[in-house]
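Shown next: structure_6.txt, given as compact mmCIF, C-alpha atoms.
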```
# COMPACT_ATOMS: atom_id res chain seq x y z
CA MET R 15 -112.43 -232.11 -68.80
CA SER R 16 -114.90 -230.81 -66.20
CA ALA R 17 -117.89 -232.03 -68.21
CA LEU R 18 -116.34 -235.50 -68.60
CA ARG R 19 -115.62 -235.67 -64.89
CA THR R 20 -119.17 -234.64 -64.02
CA PHE R 21 -120.64 -237.25 -66.40
CA ARG R 22 -118.44 -239.96 -64.94
CA GLN R 23 -119.50 -239.08 -61.40
CA LEU R 24 -123.14 -239.48 -62.37
CA THR R 25 -122.66 -242.84 -64.12
CA VAL R 26 -120.72 -244.48 -61.29
CA SER R 27 -123.18 -243.53 -58.52
CA SER R 28 -125.31 -246.68 -59.03
CA GLY R 29 -122.20 -248.84 -58.82
CA ARG R 30 -121.44 -247.47 -55.37
CA VAL R 31 -124.62 -248.96 -53.91
CA LEU R 32 -123.72 -252.45 -55.15
CA ALA R 33 -120.18 -252.05 -53.81
CA VAL R 34 -121.48 -251.14 -50.36
CA ARG R 35 -123.76 -254.20 -50.29
CA GLN R 36 -120.90 -256.48 -51.29
CA LEU R 37 -118.62 -254.96 -48.68
CA SER R 38 -121.20 -255.41 -45.93
CA THR R 39 -121.67 -259.09 -46.92
CA VAL R 40 -117.92 -259.73 -46.80
CA SER R 41 -117.68 -257.96 -43.44
CA LYS R 42 -120.33 -260.28 -41.94
CA ARG R 43 -118.37 -263.31 -43.08
CA LEU R 44 -115.13 -262.03 -41.59
CA VAL R 45 -116.45 -260.88 -38.18
CA PRO R 46 -116.76 -264.37 -36.57
CA SER R 47 -113.21 -265.39 -37.49
CA LEU R 48 -111.85 -262.07 -36.27
CA ALA R 49 -113.66 -262.40 -32.95
CA THR R 50 -112.20 -265.88 -32.50
CA ARG R 51 -108.68 -264.58 -33.03
CA VAL R 52 -109.13 -261.80 -30.48
CA VAL R 53 -110.43 -264.19 -27.82
CA SER R 54 -107.56 -266.61 -28.36
CA THR R 55 -104.88 -263.91 -27.98
CA PRO R 56 -103.13 -263.91 -24.56
CA SER R 57 -104.07 -260.80 -22.61
CA ASN R 58 -100.67 -259.49 -21.51
CA ALA R 59 -99.35 -255.94 -21.78
CA ARG R 60 -96.98 -256.63 -24.71
CA ALA R 61 -99.63 -258.30 -26.87
CA PHE R 62 -102.10 -255.48 -26.18
CA SER R 63 -99.66 -252.74 -27.25
CA VAL R 64 -98.83 -254.54 -30.50
CA SER R 65 -102.50 -255.08 -31.26
CA ALA R 66 -103.32 -251.41 -30.60
CA ARG R 67 -100.68 -250.22 -33.05
CA ARG R 68 -101.78 -252.73 -35.67
CA PHE R 69 -105.45 -251.76 -35.60
CA SER R 70 -104.94 -247.98 -35.20
CA GLU R 71 -105.59 -247.47 -38.94
CA GLY R 72 -109.06 -246.31 -39.93
CA ALA R 73 -111.53 -248.89 -41.17
CA ASN R 74 -112.15 -246.82 -44.30
CA ASP R 75 -108.50 -246.29 -45.30
CA LEU R 76 -108.39 -249.14 -47.80
CA ALA R 77 -111.68 -248.19 -49.43
CA LEU R 78 -110.54 -244.56 -49.77
CA SER R 79 -107.21 -245.63 -51.27
CA GLN R 80 -108.95 -247.84 -53.81
CA LYS R 81 -111.36 -245.07 -54.81
CA LEU R 82 -108.48 -242.63 -55.22
CA SER R 83 -106.69 -245.20 -57.39
CA GLU R 84 -109.75 -245.54 -59.62
CA GLU R 85 -110.06 -241.80 -60.05
CA LEU R 86 -106.33 -241.44 -60.66
CA LYS R 87 -106.37 -244.19 -63.29
CA TYR R 88 -109.28 -242.55 -65.08
CA GLU R 89 -107.64 -239.12 -65.12
CA GLU R 90 -104.27 -240.50 -66.27
CA GLU R 91 -105.94 -242.45 -69.08
CA THR R 92 -107.71 -239.28 -70.17
CA VAL R 93 -104.46 -237.29 -70.19
CA SER R 94 -102.57 -240.07 -72.01
CA GLN R 95 -104.88 -239.59 -74.99
CA LEU R 96 -103.87 -235.93 -75.27
CA PRO R 97 -100.61 -234.62 -76.76
CA GLU R 98 -97.84 -233.85 -74.27
CA ASN R 99 -97.64 -230.27 -75.55
CA PRO R 100 -101.14 -229.03 -76.39
CA GLY R 101 -101.51 -227.37 -79.76
CA PHE R 102 -103.09 -224.24 -78.31
CA LEU R 103 -100.06 -223.72 -76.02
CA THR R 104 -97.50 -224.29 -78.77
CA GLN R 105 -99.31 -221.94 -81.11
CA PHE R 106 -99.66 -219.21 -78.49
CA LEU R 107 -95.99 -219.26 -77.51
CA LYS R 108 -94.96 -219.25 -81.16
CA THR R 109 -97.04 -216.23 -82.14
CA ASN R 110 -97.01 -214.14 -78.94
CA PRO R 111 -94.24 -212.46 -76.90
CA TRP R 112 -95.69 -213.58 -73.57
CA GLU R 113 -93.61 -215.86 -71.32
CA ILE R 114 -95.48 -218.26 -69.03
CA HIS R 115 -94.29 -218.91 -65.47
CA ASP R 116 -96.12 -221.94 -64.10
CA THR R 117 -94.94 -223.46 -60.81
CA PRO R 118 -96.33 -226.97 -60.15
CA GLY R 119 -98.45 -226.99 -57.01
CA ASN R 120 -99.38 -223.30 -57.23
CA ASP R 121 -102.84 -222.27 -58.33
CA GLU R 122 -101.63 -219.01 -59.92
CA VAL R 123 -100.04 -218.59 -63.33
CA ILE R 124 -97.92 -215.57 -64.27
CA MET R 125 -97.43 -214.26 -67.80
CA THR R 126 -94.74 -211.63 -68.48
CA ARG R 127 -93.52 -209.58 -71.41
CA THR R 128 -91.85 -206.29 -72.25
CA PHE R 129 -93.22 -203.48 -74.39
CA GLY R 130 -90.68 -200.79 -75.09
CA ASN R 131 -89.66 -199.39 -71.71
CA GLU R 132 -92.54 -201.19 -69.96
CA LYS R 133 -92.73 -204.45 -68.06
CA LEU R 134 -96.07 -206.24 -68.03
CA ARG R 135 -97.18 -208.98 -65.63
CA LEU R 136 -100.50 -210.73 -66.16
CA MET R 137 -101.70 -213.10 -63.42
CA PHE R 138 -104.64 -215.48 -63.21
CA SER R 139 -105.75 -218.37 -61.00
CA ILE R 140 -107.12 -221.84 -61.75
CA ALA R 141 -109.41 -221.54 -58.71
CA ASP R 142 -112.01 -220.03 -61.03
CA VAL R 143 -112.11 -223.33 -62.95
CA ASP R 144 -113.25 -225.20 -59.82
CA ALA R 145 -115.91 -222.57 -59.17
CA ALA R 146 -117.09 -222.87 -62.76
CA GLU R 147 -117.43 -226.66 -62.40
CA GLU R 148 -119.66 -226.22 -59.35
CA ASP R 149 -121.85 -223.74 -61.23
CA PHE R 150 -122.03 -226.12 -64.19
CA GLN R 151 -123.27 -228.95 -62.00
CA SER R 152 -125.82 -226.84 -60.10
CA GLU R 153 -127.18 -225.00 -63.14
CA GLU R 154 -127.22 -227.73 -65.78
CA PRO R 155 -129.56 -226.63 -68.63
CA GLU R 156 -132.45 -228.65 -69.98
CA PRO R 157 -131.44 -231.10 -72.77
CA GLU R 158 -133.46 -229.31 -75.46
CA ALA R 159 -132.09 -225.88 -74.58
CA GLN R 160 -128.58 -227.29 -74.39
CA GLU R 161 -128.83 -228.74 -77.92
CA GLU R 162 -130.08 -225.43 -79.32
CA ASP R 163 -127.24 -223.40 -77.79
CA GLU R 164 -124.46 -225.97 -78.19
CA ALA R 165 -123.45 -224.87 -81.67
CA ASP R 166 -123.37 -221.17 -80.77
CA ASP R 167 -121.65 -221.35 -77.37
CA PRO R 168 -117.85 -220.90 -77.22
CA LEU R 169 -115.70 -223.68 -75.76
CA HIS R 170 -115.02 -221.79 -72.50
CA THR R 171 -117.81 -219.54 -71.28
CA TYR R 172 -116.79 -219.23 -67.63
CA PRO R 173 -114.85 -216.14 -66.55
CA ILE R 174 -111.28 -216.25 -65.29
CA ARG R 175 -110.22 -213.34 -63.11
CA ALA R 176 -106.94 -211.72 -64.17
CA SER R 177 -104.75 -208.94 -62.81
CA LEU R 178 -102.37 -206.88 -64.95
CA SER R 179 -99.54 -204.68 -63.67
CA ILE R 180 -97.53 -202.30 -65.86
CA THR R 181 -94.32 -200.63 -64.72
CA LYS R 182 -91.76 -198.51 -66.56
CA THR R 183 -87.98 -198.70 -66.39
CA THR R 184 -87.75 -194.96 -67.01
CA GLY R 185 -89.77 -193.78 -64.02
CA PRO R 186 -91.74 -194.63 -60.89
CA GLY R 187 -95.35 -195.71 -60.67
CA CYS R 188 -97.41 -198.79 -61.45
CA LEU R 189 -100.68 -199.23 -63.31
CA ASN R 190 -102.84 -202.14 -62.10
CA VAL R 191 -105.83 -203.40 -64.07
CA ASP R 192 -108.37 -205.89 -62.71
CA MET R 193 -110.17 -207.81 -65.46
CA LEU R 194 -112.20 -210.87 -66.38
CA ALA R 195 -111.20 -213.04 -69.34
CA GLN R 196 -114.41 -214.39 -70.79
CA GLU R 197 -115.62 -215.50 -74.22
CA GLY R 198 -112.56 -214.13 -75.98
CA HIS R 199 -112.69 -210.67 -74.38
CA PHE R 200 -111.22 -208.87 -71.41
CA VAL R 201 -113.84 -207.13 -69.30
CA VAL R 202 -112.06 -204.37 -67.40
CA GLU R 203 -113.39 -203.78 -63.90
CA ASN R 204 -110.94 -201.31 -62.42
CA VAL R 205 -107.78 -199.35 -63.24
CA ALA R 206 -105.63 -198.31 -60.27
CA PHE R 207 -102.43 -196.28 -60.10
CA TYR R 208 -99.73 -196.59 -57.44
CA LYS R 209 -96.99 -193.98 -57.11
CA ASP R 210 -94.73 -196.64 -55.62
CA SER R 211 -94.17 -199.37 -58.22
CA LYS R 212 -92.96 -201.74 -55.51
CA LEU R 213 -96.25 -201.37 -53.67
CA GLY R 214 -98.18 -202.09 -56.86
CA THR R 215 -96.27 -205.25 -57.78
CA GLU R 216 -95.19 -206.95 -54.55
CA LEU R 217 -97.03 -210.20 -53.78
CA THR R 218 -96.82 -210.07 -49.99
CA ALA R 219 -99.41 -209.81 -47.24
CA GLU R 220 -97.88 -206.52 -46.09
CA ALA R 221 -98.11 -204.98 -49.55
CA ASP R 222 -101.65 -206.23 -49.96
CA TRP R 223 -102.61 -204.61 -46.66
CA LYS R 224 -101.09 -201.27 -47.69
CA ARG R 225 -102.87 -201.35 -51.07
CA ARG R 226 -106.21 -201.48 -49.29
CA GLY R 227 -105.76 -197.93 -48.10
CA VAL R 228 -105.02 -196.50 -51.56
CA TYR R 229 -107.68 -194.89 -53.75
CA LEU R 230 -108.21 -197.33 -56.62
CA GLY R 231 -110.07 -195.04 -58.96
CA PRO R 232 -113.67 -195.29 -60.17
CA GLN R 233 -115.33 -198.41 -61.49
CA PHE R 234 -114.38 -198.78 -65.13
CA GLU R 235 -117.96 -198.86 -66.38
CA THR R 236 -118.63 -195.44 -64.84
CA LEU R 237 -115.89 -193.76 -66.89
CA ASP R 238 -116.66 -191.77 -70.00
CA VAL R 239 -117.20 -194.13 -72.93
CA GLY R 240 -114.40 -192.47 -74.86
CA VAL R 241 -111.97 -193.03 -71.98
CA GLN R 242 -113.03 -196.67 -71.74
CA GLU R 243 -112.41 -197.25 -75.43
CA GLU R 244 -108.95 -195.68 -75.36
CA ILE R 245 -107.91 -197.72 -72.32
CA GLU R 246 -109.04 -200.90 -74.08
CA LYS R 247 -106.98 -199.93 -77.14
CA TYR R 248 -104.02 -199.17 -74.85
CA LEU R 249 -104.22 -202.68 -73.41
CA ALA R 250 -104.77 -204.43 -76.75
CA GLU R 251 -101.66 -202.79 -78.19
CA ARG R 252 -99.68 -204.41 -75.39
CA GLY R 253 -100.99 -207.91 -76.07
CA VAL R 254 -103.86 -207.85 -73.60
CA ASP R 255 -106.21 -208.71 -76.43
CA GLU R 256 -108.62 -211.30 -77.76
CA THR R 257 -105.87 -213.89 -78.25
CA ALA R 258 -104.79 -213.69 -74.61
CA ALA R 259 -108.42 -213.68 -73.44
CA LEU R 260 -109.02 -216.97 -75.30
CA PHE R 261 -105.74 -218.49 -74.11
CA ILE R 262 -106.16 -217.86 -70.36
CA PRO R 263 -109.30 -220.00 -69.75
CA GLU R 264 -107.89 -222.80 -71.89
CA TYR R 265 -104.57 -222.83 -70.07
CA ALA R 266 -106.34 -222.61 -66.70
CA GLU R 267 -108.28 -225.78 -67.50
CA TYR R 268 -105.12 -227.49 -68.81
CA LYS R 269 -103.24 -226.68 -65.59
CA GLU R 270 -106.17 -227.66 -63.38
CA GLN R 271 -106.14 -231.14 -64.96
CA ARG R 272 -102.46 -231.62 -64.15
CA GLU R 273 -102.81 -230.24 -60.62
CA TYR R 274 -105.78 -232.52 -59.96
CA ILE R 275 -103.75 -235.59 -60.93
CA SER R 276 -100.91 -234.45 -58.67
CA TRP R 277 -103.40 -233.90 -55.84
CA LEU R 278 -104.80 -237.42 -56.24
CA LYS R 279 -101.29 -238.89 -56.08
CA ASN R 280 -100.34 -236.88 -53.00
CA VAL R 281 -103.52 -237.70 -51.06
CA LYS R 282 -103.33 -241.38 -51.94
CA GLY R 283 -99.66 -241.51 -50.94
CA PHE R 284 -100.48 -239.94 -47.58
CA VAL R 285 -103.38 -242.33 -46.91
CA ASP R 286 -101.25 -245.35 -47.81
CA GLN R 287 -98.39 -244.45 -45.42
```
Whole structure given in structure tokens:
Amino acid sequence: MSALRTFRQLTVSSGRVLAVRQLSTVSKRLVPSLATRVVSTPSNARAFSVSARRFSEGANDLALSQKLSEELKYEEETVSQLPENPGFLTQFLKTNPWEIHDTPGNDEVIMTRTFGNEKLRLMFSIADVDAAEEDFQSEEPEPEAQEEDEADDPLHTYPIRASLSITKTTGPGCLNVDMLAQEGHFVVENVAFYKDSKLGTELTAEADWKRRGVYLGPQFETLDVGVQEEIEKYLAERGVDETAALFIPEYAEYKEQREYISWLKNVKGFVDQ
């Protein structure tokens, strides 16, 4: 999706120049007639107030609305060619115990599941997709190098930051794991423990402020290799594995597409009011 959008932006740039020239030509033709109308209007207080309200809209509103409509049409046509329920999503839900909580308009997605007496919550954000698009545009590889690596590169190479929390119904405490989902693997960055499970799981500004004062443990890469390996096995046994690491970037891009279309509709609706 991001590559298609980038390509489209490059191809339409030349058309913008022609559109500007045409618009300036039309404006020159309309200016004399408009000036005539203004001169012929009686200059009393009532006429002036009506005229002020009528011409309070920005001169660029119509052009912006039209451009938003073009972009919206393109995105909706792209989505219409895709199945309503993507195969990757159907397959993941069918073969994995994770439940997905996706609220339209939010940039975070929450995945939950149980494992024995444990409750797991895995969160990630689609904001990383936007950042990846910017990096893709600014660091576009040379054509020859791109062709050589195209066959070997995975579909999603950009990292998506994820946060895992594990609590137990049989006792206090919360284990928080900060990770990156990239190229089918979870790269663990940090493992923190909170004695208060509420402090480790609450999504409030107050809880976030309190967590800043808690010792979060060493960086994961500085731990003994044996400890690192056992923690990775511990996570994989709970479904934080290669399958989930492949699913998260794909779902993030899928959600970003839908949120972008919603954003286009909302902005256009506001401009047109």
Compare R:Glu246, R:Glu113, R:Glu251, R:Glu84 by their minimum atom-to-atom distance to Gly130 in chain R, counting all atoms listed in the file, and give me the closest one.
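Selected residue with least distance to Gly130 in chain R: R:Glu251.
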I'd like to know which of R:Pro118, R:Gly185, R:Pro232, R:Gly101 is closest to Ala206 in chain R, using only C-alpha atoms.
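Among the listed residues, the smallest separation from Ala206 in chain R belongs to R:Pro232.
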Taking into account only C-alpha atoms, which residue in the set R:Ala266, R:Thr126, R:Gly283, R:Ile275 is nearest to Glu91 in chain R?
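When distances to Glu91 in chain R are compared using only C-alpha atoms, the smallest one comes from R:Ile275.
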Using all atoms listed in the file, pick whichever of R:Val143, R:Val285, R:Met137, R:Ala259 has the shortest atom-to-atom distance to Phe106 in chain R.
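So, comparing all the options, the nearest one is R:Ala259.
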Which value, in Å to one decimal, gives the distance between CA of Glu244 in chain R and CA of Val205 in chain R?
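These two atoms are separated by 12.7 Å.
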Point-to-point distance from CA of Asn131 in chain R to CA of Leu217 in chain R, Å rounded to tenths:
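Between CA of Asn131 in chain R and CA of Leu217 in chain R the gap works out to 22.2 Å.
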What gap, in Å, lies between CA of Thr236 in chain R and CA of Trp223 in chain R?
25.9 Å
Which residue gives the smallest distance to Glu273 in chain R among R:Glu235, R:Glu71, R:Asp121, R:Glu85, with all atoms listed in the file counted?
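With all atoms listed in the file as the atom set, the closest residue is R:Asp121.
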I need the residue nearest Gly198 in chain R from this list: R:Arg226, R:Thr215, R:Ile262, R:Lys282. Use only C-alpha atoms for the distance.
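Counting only C-alpha atoms, the residue closest to Gly198 in chain R is R:Ile262.
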Do a neighbour search on Tyr172 in chain R at 8 Å with only C-alpha atoms, toss out local chain neighbours closer than 3 positions, and write the hits as number ranges by chain.
R: 143, 146, 196-197, 263
Which polymer residues have any atom within 7 Å of an atom of range 193-195 of chain R, counting all atoms listed in the file, with same-chain residues fewer than 3 positions away left out, as a list in words?
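Those residues are Pro173, Ile174, Arg175, Ala176, Ser177, Gly198, His199, Phe200, Val201, Val202, Glu203 and Ala259 of chain R.
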